[in-house]
>>> print(open('input_5.cif').read())   # mmCIF, C-alpha atoms and all ligand atoms
data_input
#
loop_
_atom_site.group_PDB
_atom_site.id
_atom_site.type_symbol
_atom_site.label_atom_id
_atom_site.label_comp_id
_atom_site.auth_asym_id
_atom_site.auth_seq_id
_atom_site.Cartn_x
_atom_site.Cartn_y
_atom_site.Cartn_z
ATOM 1 C CA MET A 1 67.126 143.605 104.439
ATOM 2 C CA THR A 2 65.527 141.908 101.491
ATOM 3 C CA ARG A 3 62.773 143.577 99.565
ATOM 4 C CA ALA A 4 60.059 141.412 98.089
ATOM 5 C CA ARG A 5 59.612 142.380 94.461
ATOM 6 C CA ALA A 6 56.035 142.900 93.411
ATOM 7 C CA ASP A 7 56.455 140.693 90.347
ATOM 8 C CA ALA A 8 58.250 137.900 92.177
ATOM 9 C CA ARG A 9 56.220 134.744 92.091
ATOM 10 C CA PRO A 10 55.877 133.124 95.496
ATOM 11 C CA ARG A 11 58.040 130.031 95.549
ATOM 12 C CA GLY A 12 57.784 129.215 99.207
ATOM 13 C CA ASN A 13 55.306 128.655 101.958
ATOM 14 C CA ILE A 14 54.899 128.833 105.721
ATOM 15 C CA GLU A 15 53.252 125.922 107.471
ATOM 16 C CA THR A 16 52.176 125.517 111.075
ATOM 17 C CA ARG A 17 53.574 122.281 112.477
ATOM 18 C CA GLY A 18 52.754 121.679 116.129
ATOM 19 C CA ASP A 19 54.146 124.613 118.111
ATOM 20 C CA SER A 20 56.406 125.948 115.367
ATOM 21 C CA LEU A 21 56.294 127.395 111.853
ATOM 22 C CA ARG A 22 58.066 125.701 108.984
ATOM 23 C CA ILE A 23 59.291 127.713 106.025
ATOM 24 C CA ARG A 24 60.060 125.964 102.749
ATOM 25 C CA VAL A 25 61.297 127.600 99.544
ATOM 26 C CA TYR A 26 61.814 125.892 96.206
ATOM 27 C CA ALA A 27 65.351 126.611 94.948
ATOM 28 C CA GLY A 28 65.223 124.897 91.565
ATOM 29 C CA PRO A 29 66.249 121.418 90.465
ATOM 30 C CA ASP A 30 69.438 119.717 91.597
ATOM 31 C CA PRO A 31 71.751 120.049 88.556
ATOM 32 C CA VAL A 32 72.816 116.426 88.769
ATOM 33 C CA THR A 33 69.819 114.456 89.956
ATOM 34 C CA GLY A 34 67.098 116.811 88.719
ATOM 35 C CA LYS A 35 65.333 116.448 92.075
ATOM 36 C CA PRO A 36 63.869 119.615 93.570
ATOM 37 C CA ILE A 37 65.990 121.420 96.149
ATOM 38 C CA TYR A 38 64.226 123.137 99.058
ATOM 39 C CA LEU A 39 65.642 125.674 101.488
ATOM 40 C CA ARG A 40 64.076 125.141 104.892
ATOM 41 C CA GLU A 41 63.916 126.933 108.181
ATOM 42 C CA THR A 42 61.899 126.508 111.375
ATOM 43 C CA VAL A 43 60.661 129.278 113.657
ATOM 44 C CA ARG A 44 59.537 128.412 117.184
ATOM 45 C CA GLY A 45 56.109 129.563 118.239
ATOM 46 C CA THR A 46 52.925 130.235 116.272
ATOM 47 C CA ASN A 47 51.940 133.669 117.529
ATOM 48 C CA GLU A 48 51.940 136.949 115.589
ATOM 49 C CA ALA A 49 55.635 137.626 116.334
ATOM 50 C CA ALA A 50 56.598 134.156 115.130
ATOM 51 C CA HIS A 51 54.654 134.730 111.892
ATOM 52 C CA ARG A 52 56.509 138.013 111.329
ATOM 53 C CA THR A 53 59.865 136.258 111.856
ATOM 54 C CA ALA A 54 58.748 133.485 109.520
ATOM 55 C CA ARG A 55 57.751 135.955 106.765
ATOM 56 C CA ARG A 56 61.159 137.643 107.018
ATOM 57 C CA ALA A 57 62.852 134.225 106.827
ATOM 58 C CA LEU A 58 60.718 133.368 103.793
ATOM 59 C CA ASN A 59 61.787 136.556 101.999
ATOM 60 C CA ARG A 60 65.413 135.881 102.831
ATOM 61 C CA LEU A 61 65.259 132.284 101.575
ATOM 62 C CA VAL A 62 63.511 133.373 98.368
ATOM 63 C CA ALA A 63 66.319 135.911 97.795
ATOM 64 C CA GLU A 64 68.922 133.204 98.473
ATOM 65 C CA ALA A 65 67.230 130.874 96.031
ATOM 66 C CA GLU A 66 67.175 133.577 93.343
ATOM 67 C CA LYS A 67 70.837 134.458 93.849
ATOM 68 C CA ALA A 68 71.838 130.805 93.787
ATOM 69 C CA ARG A 69 70.330 130.448 90.322
ATOM 70 C CA GLN A 70 72.056 133.416 88.700
ATOM 71 C CA PRO A 71 75.812 132.753 89.003
ATOM 72 C CA SER A 72 75.360 129.301 87.512
ATOM 73 C CA SER A 73 75.215 130.857 84.037
ATOM 74 C CA THR A 74 78.870 131.902 84.090
ATOM 75 C CA ILE A 75 80.636 129.921 86.805
ATOM 76 C CA SER A 76 82.694 126.965 85.651
ATOM 77 C CA LEU A 77 82.618 123.503 87.141
ATOM 78 C CA GLY A 78 86.354 123.780 87.917
ATOM 79 C CA HIS A 79 85.757 126.906 89.986
ATOM 80 C CA VAL A 80 82.838 125.349 91.856
ATOM 81 C CA ILE A 81 84.878 122.242 92.657
ATOM 82 C CA ASP A 82 87.790 124.349 93.946
ATOM 83 C CA GLU A 83 85.415 126.276 96.216
ATOM 84 C CA TRP A 84 83.718 123.095 97.378
ATOM 85 C CA LEU A 85 87.084 121.530 98.213
ATOM 86 C CA ARG A 86 88.083 124.663 100.109
ATOM 87 C CA VAL A 87 85.022 124.813 102.359
ATOM 88 C CA THR A 88 84.248 121.115 102.838
ATOM 89 C CA GLU A 89 85.771 119.062 105.629
ATOM 90 C CA HIS A 90 87.661 116.013 104.383
ATOM 91 C CA GLU A 91 90.251 113.756 105.960
ATOM 92 C CA ASP A 92 93.707 114.528 104.569
ATOM 93 C CA SER A 93 93.944 111.201 102.739
ATOM 94 C CA THR A 94 90.488 111.671 101.191
ATOM 95 C CA ARG A 95 91.339 115.208 100.149
ATOM 96 C CA GLU A 96 94.529 114.014 98.470
ATOM 97 C CA THR A 97 92.620 111.344 96.554
ATOM 98 C CA TYR A 98 89.977 113.869 95.512
ATOM 99 C CA VAL A 99 92.565 116.399 94.341
ATOM 100 C CA GLY A 100 94.112 113.650 92.211
ATOM 101 C CA TYR A 101 90.772 112.832 90.528
ATOM 102 C CA ILE A 102 89.976 116.517 90.124
ATOM 103 C CA GLU A 103 93.295 117.508 88.536
ATOM 104 C CA ARG A 104 93.825 114.398 86.411
ATOM 105 C CA THR A 105 90.304 113.594 85.319
ATOM 106 C CA ILE A 106 87.523 116.084 86.122
ATOM 107 C CA LYS A 107 89.203 119.377 85.223
ATOM 108 C CA PRO A 108 90.713 118.272 81.900
ATOM 109 C CA ALA A 109 87.306 116.891 80.886
ATOM 110 C CA LEU A 110 84.758 119.387 82.227
ATOM 111 C CA GLY A 111 86.638 121.991 84.275
ATOM 112 C CA SER A 112 85.947 124.934 81.969
ATOM 113 C CA MET A 113 82.301 124.069 81.352
ATOM 114 C CA SER A 114 79.785 126.464 82.895
ATOM 115 C CA ILE A 115 77.630 124.693 85.429
ATOM 116 C CA ALA A 116 74.505 126.056 83.795
ATOM 117 C CA LYS A 117 75.300 124.135 80.609
ATOM 118 C CA LEU A 118 76.440 121.007 82.383
ATOM 119 C CA SER A 119 73.856 118.267 82.015
ATOM 120 C CA VAL A 120 73.419 114.696 83.143
ATOM 121 C CA ARG A 121 74.283 113.713 79.558
ATOM 122 C CA HIS A 122 77.746 115.344 79.799
ATOM 123 C CA LEU A 123 78.416 113.432 82.994
ATOM 124 C CA GLU A 124 77.162 110.144 81.560
ATOM 125 C CA THR A 125 79.438 110.643 78.530
ATOM 126 C CA LEU A 126 82.433 111.272 80.782
ATOM 127 C CA TYR A 127 81.709 108.197 82.905
ATOM 128 C CA ALA A 128 81.245 106.027 79.815
ATOM 129 C CA GLU A 129 84.632 107.233 78.497
ATOM 130 C CA LEU A 130 86.295 106.493 81.825
ATOM 131 C CA ARG A 131 84.843 102.989 81.809
ATOM 132 C CA ARG A 132 86.475 102.513 78.388
ATOM 133 C CA CYS A 133 89.850 104.130 79.185
ATOM 134 C CA ARG A 134 90.802 105.833 82.421
ATOM 135 C CA VAL A 135 93.038 108.370 80.648
ATOM 136 C CA ARG A 136 90.298 109.001 78.048
ATOM 137 C CA CYS A 137 92.595 108.459 75.087
ATOM 138 C CA ASP A 138 91.222 109.153 71.606
ATOM 139 C CA GLY A 139 91.709 105.533 70.559
ATOM 140 C CA LYS A 140 94.817 106.269 68.461
ATOM 141 C CA PRO A 141 97.996 104.402 69.435
ATOM 142 C CA PHE A 142 100.564 106.325 71.468
ATOM 143 C CA ILE A 143 103.525 105.634 73.755
ATOM 144 C CA GLU A 144 102.934 106.042 77.476
ATOM 145 C CA HIS A 145 106.092 107.761 78.682
ATOM 146 C CA LYS A 146 107.122 106.887 82.202
ATOM 147 C CA ALA A 147 109.065 110.107 82.777
ATOM 148 C CA GLU A 148 108.229 113.757 82.185
ATOM 149 C CA ALA A 149 111.806 114.942 81.731
ATOM 150 C CA GLU A 150 113.966 113.965 78.775
ATOM 151 C CA HIS A 151 114.647 110.257 78.960
ATOM 152 C CA ASP A 152 115.581 107.161 77.003
ATOM 153 C CA CYS A 153 112.359 105.263 76.351
ATOM 154 C CA VAL A 154 114.236 101.949 76.032
ATOM 155 C CA VAL A 155 115.936 102.350 79.395
ATOM 156 C CA VAL A 156 112.808 103.526 81.230
ATOM 157 C CA LYS A 157 110.729 100.883 79.368
ATOM 158 C CA CYS A 158 108.004 103.176 78.022
ATOM 159 C CA ARG A 159 105.293 101.094 76.371
ATOM 160 C CA PRO A 160 102.457 101.634 73.925
ATOM 161 C CA HIS A 161 99.274 102.714 75.703
ATOM 162 C CA VAL A 162 96.747 99.984 76.398
ATOM 163 C CA CYS A 163 93.284 101.176 77.456
ATOM 164 C CA LYS A 164 92.341 100.198 80.976
ATOM 165 C CA PRO A 165 88.891 100.951 82.327
ATOM 166 C CA MET A 166 88.637 103.089 85.431
ATOM 167 C CA ALA A 167 87.356 101.081 88.401
ATOM 168 C CA ALA A 168 83.607 101.444 88.980
ATOM 169 C CA SER A 169 84.295 102.582 92.548
ATOM 170 C CA THR A 170 86.541 105.373 91.232
ATOM 171 C CA VAL A 171 83.907 106.498 88.732
ATOM 172 C CA ARG A 172 81.426 106.624 91.628
ATOM 173 C CA GLN A 173 83.847 108.771 93.646
ATOM 174 C CA ILE A 174 84.286 111.140 90.725
ATOM 175 C CA HIS A 175 80.518 111.403 90.460
ATOM 176 C CA SER A 176 80.204 112.115 94.175
ATOM 177 C CA ILE A 177 82.792 114.928 93.876
ATOM 178 C CA ILE A 178 80.943 116.549 90.960
ATOM 179 C CA SER A 179 77.516 116.126 92.483
ATOM 180 C CA GLY A 180 78.705 117.329 95.911
ATOM 181 C CA ALA A 181 80.215 120.460 94.363
ATOM 182 C CA LEU A 182 77.137 121.205 92.254
ATOM 183 C CA SER A 183 74.723 120.773 95.144
ATOM 184 C CA ALA A 184 76.902 123.079 97.235
ATOM 185 C CA ALA A 185 76.923 125.650 94.423
ATOM 186 C CA VAL A 186 73.128 125.749 94.492
ATOM 187 C CA ARG A 187 73.202 126.579 98.205
ATOM 188 C CA TRP A 188 75.807 129.342 97.820
ATOM 189 C CA ASP A 189 75.208 132.929 96.847
HETATM 190 ZN ZN ZN A 201 109.322 107.555 76.998
HETATM 191 ZN ZN ZN A 202 93.134 104.415 76.134
#
>>> encode(input="input_5.cif", output="structure tokens")
Amino acid sequence: MTRARADARPRGNIETRGDSLRIRVYAGPDPVTGKPIYLRETVRGTNEAAHRTARRALNRLVAEAEKARQPSSTISLGHVIDEWLRVTEHEDSTRETYVGYIERTIKPALGSMSIAKLSVRHLETLYAELRRCRVRCDGKPFIEHKAEAEHDCVVVKCRPHVCKPMAASTVRQIHSIISGALSAAVRWD
């Protein structure tokens, strides 16, 4: 059972709505959009027993909201995305596409960053880079090798890298992966 700490500021409330009680607890801002996130629960009935159940639910949601805030200081975006991918239902083809974006683009760029430090500015910078060059090159010329193993560049026709922007729809998908994972992280313990 959760114990309400004496110094804990109330961050939730119980409201009577028709024949039920609605519990709402503020769980901090969404790390991507900055919009407030609320944990909600409804208890049927408005009598004394219902109020007791509602107060217990309120305490539990407050504890959940507090826990959700703490791990964000150390957990990396890469870890959160892996967890999100593991517990979220996706069609196989979608999952494959997502894993590609995650391994090729998101993790090399921001995978090791702690989600507490991650800001909208970091994401905007990443998206701006992707719109310039989808492999986020540093602007210096280099040869794009077409094979990983030892090969003859002339035979395989390796060419100098030319920056190509990532499609806007792909950038949007990458954003939806990151924002989906971060919102999920807020809901987790
Ligand atoms: Zn080559
Ligand atoms: Zn480039």
>>> closest_atom_pairs(input="input_5.cif", of="chain A", to="ligand ZN 201 (chain A)", cutoff="8 Å", atoms="all atoms listed in the file", output="CSV")
residue,atom,partner,partner_atom,distance
A:Ile143,CA,A:ZN201,ZN,6.9
A:Glu144,CA,A:ZN201,ZN,6.6
A:His145,CA,A:ZN201,ZN,3.6
A:Lys146,CA,A:ZN201,ZN,5.7
A:Ala147,CA,A:ZN201,ZN,6.3
A:His151,CA,A:ZN201,ZN,6.3
A:Asp152,CA,A:ZN201,ZN,6.3
A:Cys153,CA,A:ZN201,ZN,3.9
A:Val154,CA,A:ZN201,ZN,7.5
A:Val156,CA,A:ZN201,ZN,6.8
A:Lys157,CA,A:ZN201,ZN,7.2
A:Cys158,CA,A:ZN201,ZN,4.7
A:Arg159,CA,A:ZN201,ZN,7.6
>>> atom_distance(input="input_5.cif", atom1="CA of Ser93 (chain A)", atom2="CA of Ala167 (chain A)")
18.7 Å
>>> resolve_selection(input="input_5.cif", expression="the PyMOL selection byres (((not hetatm)) within 12 of (chain A and resi 202))", output="PyMOL selection string")
chain A and resi 129-144+160-166
>>> resolve_selection(input="input_5.cif", expression="the PyMOL selection byres (((chain A and resi 27) around 6) and not hetatm)", output="mmCIF file with C-alpha atoms, in the frame of the given file")
data_model
loop_
_atom_site.group_PDB
_atom_site.id
_atom_site.type_symbol
_atom_site.label_atom_id
_atom_site.label_comp_id
_atom_site.auth_asym_id
_atom_site.auth_seq_id
_atom_site.Cartn_x
_atom_site.Cartn_y
_atom_site.Cartn_z
ATOM 1 C CA TYR A 26 61.814 125.892 96.206
ATOM 2 C CA GLY A 28 65.223 124.897 91.565
ATOM 3 C CA ILE A 37 65.990 121.420 96.149
ATOM 4 C CA TYR A 38 64.226 123.137 99.058
ATOM 5 C CA ALA A 65 67.230 130.874 96.031
#
>>> atom_distance(input="input_5.cif", atom1="CA of Val62 (chain A)", atom2="CA of Asn13 (chain A)")
10.1 Å
